[in-house]
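Colleague: To be precise about what I am sending: the file is called run30.csv and holds CSV, C-alpha atoms.
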chain,number,residue,atom,x,y,z
O,206,ILE,CA,-52.2,32.4,26.5
O,207,GLN,CA,-50.8,34.5,29.4
O,208,GLU,CA,-47.3,33.6,28.1
O,209,ARG,CA,-48.2,34.8,24.6
O,210,VAL,CA,-49.6,38.0,26.1
O,211,ARG,CA,-46.4,38.6,27.9
O,212,GLN,CA,-44.2,38.0,24.9
O,213,THR,CA,-46.3,40.1,22.6
O,214,SER,CA,-46.6,43.0,25.1
O,215,GLY,CA,-42.8,43.0,25.3
O,216,LEU,CA,-42.3,43.1,21.6
O,217,LEU,CA,-44.7,46.0,21.1
O,218,LYS,CA,-43.5,47.8,24.3
O,219,LEU,CA,-46.9,47.5,26.0
O,220,ASP,CA,-45.8,46.2,29.4
O,221,ALA,CA,-46.4,49.6,31.1
O,222,LEU,CA,-49.9,49.8,29.6
O,223,LEU,CA,-51.3,46.4,30.6
O,224,GLU,CA,-53.1,47.7,33.7
O,225,ARG,CA,-54.6,50.8,32.0
O,226,ARG,CA,-58.2,51.1,30.8
O,227,PRO,CA,-58.7,51.7,27.1
O,228,SER,CA,-60.0,55.2,27.7
O,229,ALA,CA,-56.7,56.1,29.3
O,230,LEU,CA,-54.7,55.1,26.1
O,231,SER,CA,-53.6,57.5,23.4
O,232,GLY,CA,-54.4,56.8,19.7
O,233,GLY,CA,-51.0,55.3,19.1
O,234,GLN,CA,-51.2,53.1,22.2
O,235,ARG,CA,-54.6,51.8,21.2
O,236,GLN,CA,-53.3,51.0,17.8
O,237,ARG,CA,-50.5,48.9,19.3
O,238,VAL,CA,-52.9,47.2,21.7
O,239,ALA,CA,-55.2,46.2,18.8
O,240,LEU,CA,-52.1,44.8,17.0
O,241,GLY,CA,-51.1,42.9,20.0
O,242,ARG,CA,-54.6,41.3,20.5
O,243,ALA,CA,-54.4,40.1,16.9
O,244,MET,CA,-51.0,38.6,17.3
O,245,VAL,CA,-51.9,36.8,20.5
O,246,ARG,CA,-54.8,35.0,18.8
O,247,LYS,CA,-52.4,33.5,16.2
O,248,PRO,CA,-54.8,33.8,13.3
O,249,LYS,CA,-54.4,32.2,9.9
O,250,ILE,CA,-54.3,35.6,8.2
O,251,PHE,CA,-53.6,39.1,9.4
O,252,LEU,CA,-55.5,42.0,7.9
O,253,MET,CA,-53.7,45.2,9.0
O,254,ASP,CA,-55.1,48.6,7.9
O,255,GLU,CA,-52.3,51.2,8.5
O,256,PRO,CA,-51.4,49.8,12.0
O,257,LEU,CA,-48.4,52.1,12.4
O,258,ALA,CA,-50.0,55.3,11.3
O,259,ASN,CA,-50.3,57.0,14.7
O,260,LEU,CA,-46.9,56.0,16.1
O,261,ASP,CA,-43.9,58.3,16.5
O,262,ALA,CA,-41.0,57.8,14.1
O,263,ALA,CA,-38.8,55.7,16.4
O,264,LEU,CA,-41.6,53.5,17.6
O,265,ARG,CA,-42.9,53.1,14.1
O,266,ILE,CA,-39.5,51.8,12.9
O,267,HIS,CA,-39.2,49.4,15.9
O,268,THR,CA,-42.7,48.0,15.5
O,269,ARG,CA,-42.2,47.6,11.7
O,270,GLY,CA,-39.2,45.5,12.4
O,271,GLU,CA,-41.0,43.4,15.0
O,272,ILE,CA,-43.9,42.8,12.5
O,273,ALA,CA,-41.4,41.7,9.9
O,274,ARG,CA,-39.7,39.3,12.4
O,275,LEU,CA,-43.0,37.9,13.6
O,276,HIS,CA,-44.2,37.3,10.1
O,277,LYS,CA,-41.1,35.2,9.4
O,278,GLU,CA,-41.5,33.3,12.6
O,279,MET,CA,-45.2,32.7,12.4
O,280,GLU,CA,-45.3,32.2,8.6
O,281,THR,CA,-48.8,33.8,8.6
O,282,THR,CA,-50.1,35.4,5.5
O,283,THR,CA,-50.4,39.2,6.1
O,284,ILE,CA,-52.2,41.8,4.1
O,285,PHE,CA,-50.8,45.2,5.2
O,286,VAL,CA,-52.4,48.4,3.9
O,287,THR,CA,-50.2,51.5,3.9
O,288,HIS,CA,-49.6,54.7,2.0
O,289,ASP,CA,-45.9,54.7,3.1
O,290,GLN,CA,-43.5,53.5,0.4
O,291,ALA,CA,-40.8,52.6,3.0
O,292,GLU,CA,-43.2,50.4,4.9
O,293,ALA,CA,-44.4,48.7,1.8
O,294,ALA,CA,-40.8,47.9,0.7
O,295,ALA,CA,-39.6,46.9,4.1
O,296,LEU,CA,-42.4,44.6,5.1
O,297,SER,CA,-43.7,43.0,1.9
O,298,ASP,CA,-42.7,40.0,-0.2
O,299,ARG,CA,-45.1,41.4,-2.8
O,300,VAL,CA,-46.7,44.8,-3.2
O,301,ALA,CA,-50.1,45.5,-4.8
O,302,VAL,CA,-50.3,49.1,-5.9
O,303,ILE,CA,-53.9,50.5,-6.1
O,304,PHE,CA,-55.0,53.9,-7.5
O,305,GLY,CA,-58.6,55.0,-7.5
O,306,GLY,CA,-59.8,51.5,-6.7
O,307,GLU,CA,-57.9,50.0,-9.6
O,308,LEU,CA,-55.1,47.4,-9.2
O,309,ARG,CA,-52.2,48.7,-11.3
O,310,GLN,CA,-49.4,46.3,-10.5
O,311,VAL,CA,-48.5,43.4,-8.2
O,312,ALA,CA,-44.8,42.6,-7.8
O,313,ALA,CA,-41.8,42.2,-5.5
O,314,PRO,CA,-40.6,45.6,-4.2
O,315,ALA,CA,-37.4,45.5,-6.2
O,316,ASP,CA,-39.4,44.7,-9.4
O,317,LEU,CA,-41.8,47.6,-8.8
O,318,TYR,CA,-38.7,49.9,-8.4
O,319,ARG,CA,-37.1,48.6,-11.6
O,320,GLU,CA,-40.1,48.0,-13.8
O,321,PRO,CA,-43.1,50.2,-13.0
O,322,VAL,CA,-46.0,49.5,-15.4
O,323,ASP,CA,-47.2,53.1,-15.5
O,324,LEU,CA,-46.5,56.6,-14.5
O,325,ASP,CA,-48.5,56.5,-11.3
O,326,VAL,CA,-46.6,53.5,-10.0
O,327,ALA,CA,-43.3,55.1,-10.9
O,328,ARG,CA,-44.3,58.3,-9.0
O,329,PHE,CA,-45.3,56.3,-5.9
O,330,LEU,CA,-41.8,54.8,-5.6
O,331,ALA,CA,-39.9,58.0,-6.3
O,332,GLN,CA,-38.4,60.3,-3.6
O,333,PRO,CA,-38.8,63.2,-3.3
O,334,PHE,CA,-40.5,63.0,-6.7
O,335,LEU,CA,-40.2,61.6,-10.2
O,336,ASN,CA,-38.5,63.6,-12.9
O,337,GLU,CA,-40.8,63.9,-15.9
O,338,LEU,CA,-40.5,65.5,-19.3
O,339,ALA,CA,-43.1,65.5,-22.1
O,340,VAL,CA,-41.5,64.1,-25.2
O,341,ALA,CA,-42.2,62.5,-28.6
O,342,ALA,CA,-40.3,59.4,-29.8
O,343,PRO,CA,-39.3,60.6,-33.3
O,344,ILE,CA,-39.9,58.3,-36.3
O,345,GLY,CA,-36.5,56.9,-37.5
O,346,GLY,CA,-34.4,58.7,-34.9
O,347,ALA,CA,-33.3,59.0,-31.3
O,348,LEU,CA,-34.9,61.2,-28.6
O,349,MET,CA,-32.7,64.3,-28.1
O,350,ILE,CA,-32.7,66.1,-24.7
O,351,GLY,CA,-30.3,69.0,-24.9
O,352,GLY,CA,-27.2,67.2,-26.2
O,353,SER,CA,-28.1,63.8,-24.8
O,354,ARG,CA,-29.2,61.2,-27.3
O,355,ILE,CA,-31.7,58.6,-25.8
O,356,ILE,CA,-33.1,55.7,-27.7
O,357,ILE,CA,-36.5,54.4,-26.5
O,358,ARG,CA,-36.6,50.7,-27.3
O,359,ASP,CA,-39.9,49.5,-29.0
O,360,ALA,CA,-41.1,53.1,-29.2
O,361,LEU,CA,-38.4,54.1,-31.6
O,362,GLY,CA,-39.9,54.8,-35.0
O,363,SER,CA,-43.4,54.9,-33.6
O,364,GLY,CA,-43.8,58.7,-33.3
O,365,LEU,CA,-45.5,58.2,-30.0
O,366,ALA,CA,-46.0,61.2,-27.6
O,367,GLY,CA,-45.6,60.6,-23.9
O,368,THR,CA,-43.5,61.2,-20.8
O,369,LEU,CA,-39.8,60.4,-20.3
O,370,ALA,CA,-39.3,59.7,-16.6
O,371,PHE,CA,-36.3,59.0,-14.4
O,372,ARG,CA,-35.6,59.1,-10.7
O,373,PRO,CA,-33.4,61.6,-8.9
O,374,GLU,CA,-30.8,58.9,-8.2
O,375,HIS,CA,-30.4,58.3,-11.9
O,376,ALA,CA,-29.6,61.9,-12.7
O,377,THR,CA,-26.0,63.2,-12.5
O,378,LEU,CA,-24.7,66.7,-12.2
O,379,ALA,CA,-21.6,67.6,-14.2
O,380,GLU,CA,-19.8,70.7,-15.5
O,381,LYS,CA,-22.0,72.9,-17.7
O,382,ASP,CA,-19.9,72.1,-20.8
O,383,HIS,CA,-19.9,68.3,-20.2
O,384,PRO,CA,-20.5,66.6,-23.6
O,385,GLY,CA,-24.1,65.6,-24.0
O,386,ALA,CA,-25.3,67.3,-20.8
O,387,LEU,CA,-28.5,69.3,-20.5
O,388,PRO,CA,-27.7,72.9,-19.3
O,389,VAL,CA,-29.4,73.5,-15.9
O,390,ARG,CA,-29.3,76.1,-13.1
O,391,VAL,CA,-29.4,75.2,-9.4
O,392,THR,CA,-32.5,76.7,-7.7
O,393,ARG,CA,-32.5,74.9,-4.3
O,394,ILE,CA,-30.5,72.3,-2.3
O,395,GLU,CA,-32.1,70.2,0.4
O,396,HIS,CA,-29.7,68.3,2.6
O,397,ALA,CA,-30.9,64.8,3.8
O,398,GLY,CA,-28.1,63.3,5.9
O,399,ILE,CA,-25.7,61.4,3.7
O,400,ASP,CA,-27.5,62.6,0.6
O,401,ALA,CA,-28.8,65.8,-0.8
O,402,HIS,CA,-31.5,66.7,-3.3
O,403,VAL,CA,-30.5,69.4,-5.8
O,404,PHE,CA,-33.4,71.1,-7.6
O,405,VAL,CA,-32.5,72.5,-11.0
O,406,ASP,CA,-34.3,74.4,-13.8
O,407,ALA,CA,-33.6,73.6,-17.5
O,408,GLU,CA,-34.5,75.4,-20.6
O,409,ALA,CA,-38.2,75.7,-21.6
O,410,GLY,CA,-39.2,75.7,-17.9
O,411,ALA,CA,-38.5,72.1,-17.2
O,412,GLN,CA,-37.6,71.3,-13.6
O,413,PHE,CA,-35.6,68.3,-12.3
O,414,VAL,CA,-34.1,67.0,-9.1
O,415,ALA,CA,-30.9,65.0,-8.7
O,416,ARG,CA,-29.8,63.0,-5.7
O,417,ILE,CA,-26.1,63.4,-4.9
O,418,SER,CA,-23.8,62.9,-2.0
O,419,ALA,CA,-23.9,65.5,0.8
O,420,GLU,CA,-20.2,66.0,0.3
O,421,ARG,CA,-20.7,66.9,-3.4
O,422,ALA,CA,-23.6,69.2,-2.5
O,423,ARG,CA,-21.4,71.3,-0.2
O,424,SER,CA,-19.6,72.6,-3.2
O,425,LEU,CA,-22.8,73.8,-4.9
O,426,ARG,CA,-24.7,77.1,-4.5
O,427,ASP,CA,-28.0,78.4,-5.7
O,428,GLY,CA,-27.6,79.9,-9.1
O,429,ASP,CA,-24.7,77.6,-10.2
O,430,ASN,CA,-24.8,76.6,-13.9
O,431,LEU,CA,-24.3,72.9,-14.4
O,432,GLY,CA,-25.0,70.1,-16.8
O,433,LEU,CA,-27.5,67.3,-16.2
O,434,THR,CA,-27.0,63.8,-17.6
O,435,ILE,CA,-29.5,60.9,-17.4
O,436,ASP,CA,-28.7,57.2,-16.9
O,437,ALA,CA,-30.9,56.1,-19.8
O,438,GLU,CA,-30.7,52.5,-18.7
O,439,GLN,CA,-32.8,53.6,-15.8
O,440,ALA,CA,-35.2,55.9,-17.7
O,441,TRP,CA,-38.7,55.0,-18.9
O,442,PHE,CA,-40.9,56.2,-21.7
O,443,PHE,CA,-44.6,56.2,-20.8
O,444,PRO,CA,-46.6,56.7,-24.0
O,445,SER,CA,-49.9,58.6,-23.7
O,446,ASN,CA,-51.7,55.3,-24.6
O,447,GLY,CA,-50.5,53.9,-21.3
O,448,SER,CA,-48.2,51.0,-22.3
O,449,ARG,CA,-44.7,51.5,-20.8
O,450,GLN,CA,-41.5,51.3,-22.8
O,451,ARG,CA,-38.0,50.9,-21.3
O,452,GLY,CA,-35.3,53.4,-22.0
O,453,ASP,CA,-32.0,52.5,-23.6
O,454,HIS,CA,-29.1,54.7,-24.4
O,455,SER,CA,-26.5,55.6,-26.9
O,456,GLY,CA,-23.9,58.3,-27.0
O,457,ALA,CA,-23.5,60.6,-24.0
O,458,ALA,CA,-26.7,60.0,-22.1
Using structure tokens, write down the structure from this file.

Modeller:
Amino acid sequence: IQERVRQTSGLLKLDALLERRPSALSGGQRQRVALGRAMVRKPKIFLMDEPLANLDAALRIHTRGEIARLHKEMETTTIFVTHDQAEAAALSDRVAVIFGGELRQVAAPADLYREPVDLDVARFLAQPFLNELAVAAPIGGALMIGGSRIIIRDALGSGLAGTLAFRPEHATLAEKDHPGALPVRVTRIEHAGIDAHVFVDAEAGAQFVARISAERARSLRDGDNLGLTIDAEQAWFFPSNGSRQRGDHSGAA
């Protein structure tokens, strides 16, 4: 067991803390010690309730990687509770999304991203937030947003009211006179390393955000008038009755 303690303390960067009393440890250090104790015991199942919550950013990423590696080596079933989307996606084979005590969806991270069952799940996996627009699927026709024509499969012809939703990475900024584009005005640009989030206002008070390259963002300024197009293959229609429909496209969308 001493060998397991030595290995685990090294993985969690606890070597310098082994001689300290619990009262001398910070909240983050105590969290790592508790995690190490669980690992040393080699249990049949791990139950982890936000074990990385009090760690600084660098240590959090390091420990997350070690947990993922140990999980593969030990092949131990792990239930990991987190409010962090990145942790859930990085560590999990399957993610269970719970809102208000209700289990909404259980799926692989990639499937949650591609096929969220409802608006809450879609919002949970969107950064910085989900683009949403209240719409109605017209009977016998396509949904028109500005000059973009979007067909909502299965909802087409139903006349259902609901929400059209799409992520920032599935919105494209073009010239203001681009065929089929929705006219928008830039209100804010947030740089995030290699990417940037561009916030825009559309007609009727709608607000959207597009994720673009930092290089492209350098050419934009607040107040610029542009066109916004939507990748309708990556858009969803969430009817008010709760059953999701997948977006399809035609024309310039």

Colleague: Would you work out the distance separating CA of Asp436 in chain O from CA of Gln290 in chain O, expressed in Å to one decimal?

Modeller: 23.1 Å

Colleague: Pick out the closest residue to Ala239 in chain O from this set: O:Pro256, O:Ala376, O:Leu223, O:Met279. Count only C-alpha atoms.

Modeller: O:Pro256

Colleague: Take CA of Glu255 in chain O and CA of Ser297 in chain O and report the distance between them in Å, one decimal.

Modeller: 13.6 Å

Colleague: Can you pull out the residues contacting Glu374 in chain O? Cut-off 12 Å, using all atoms listed in the file, and skip same-chain residues under 6 positions away; I want them as a list of chain:residue names.

Modeller: O:Tyr318, O:Ala331, O:Gln332, O:Pro333, O:Phe334, O:Leu335, O:Asn336, O:Asp400, O:Ala401, O:His402, O:Val403, O:Phe413, O:Val414, O:Ala415, O:Arg416, O:Ile417, O:Ser418, O:Thr434, O:Ile435, O:Asp436, O:Ala437, O:Gln439, O:Ala440

Colleague: Measure the distance from CA of Glu420 in chain O to CA of Ala379 in chain O in Å and round it to one decimal.

Modeller: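 These two atoms are separated by 14.7 Å.
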
Colleague: I need the residue nearest Val389 in chain O from this list: O:Pro373, O:Pro321, O:Gly215, O:Gly410. Use only C-alpha atoms for the distance.

Modeller: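 Result for the nearest residue to Val389 in chain O: O:Gly410.
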
Colleague: Give the answer as one residue: which of O:Leu216, O:Leu330, O:Met253, O:Ala313 has the shortest atom-to-atom distance to Leu275 in chain O, using only C-alpha atoms?

Modeller: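 Closest to Leu275 in chain O, using only C-alpha atoms: O:Leu216.
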
Colleague: Name the residues within 12 Å of (-39.6, 45.3, 0.6), counting all atoms listed in the file in the file's coordinates, and put them as a list in words.

Modeller: Arg269, Gly270, Ala273, Asp289, Gln290, Ala291, Glu292, Ala293, Ala294, Ala295, Leu296, Ser297, Asp298, Arg299, Val300, Ala301, Ala312, Ala313, Pro314, Ala315, Asp316, Leu317, Tyr318 and Leu330 of chain O

Colleague: Could you check which of O:Ser214, O:Asp254, O:Ile303, O:Glu271 is closest to Thr287 in chain O, using only C-alpha atoms?

Modeller: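 Ranking O:Ser214, O:Asp254, O:Ile303, O:Glu271 by distance to Thr287 in chain O, first place goes to O:Asp254.
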
Colleague: Taking into account only C-alpha atoms, which residue in the set O:Arg226, O:Ala411, O:Leu387, O:Ala397 is nearest to Asn430 in chain O?

Modeller: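 Result for the nearest residue to Asn430 in chain O: O:Leu387.
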
Colleague: Given the choices O:Asn259, O:Gln207, O:Thr368, O:Ser228, which gets closest to Arg242 in chain O if the distance is worked out from all atoms listed in the file?

Modeller: O:Gln207

Colleague: May I have the residues within 9 Å of Ala341 in chain O as a VMD selection string, using all atoms listed in the file and disregarding those fewer than 5 positions away in the same chain?

Modeller: chain O and resid 348 364 to 369 444
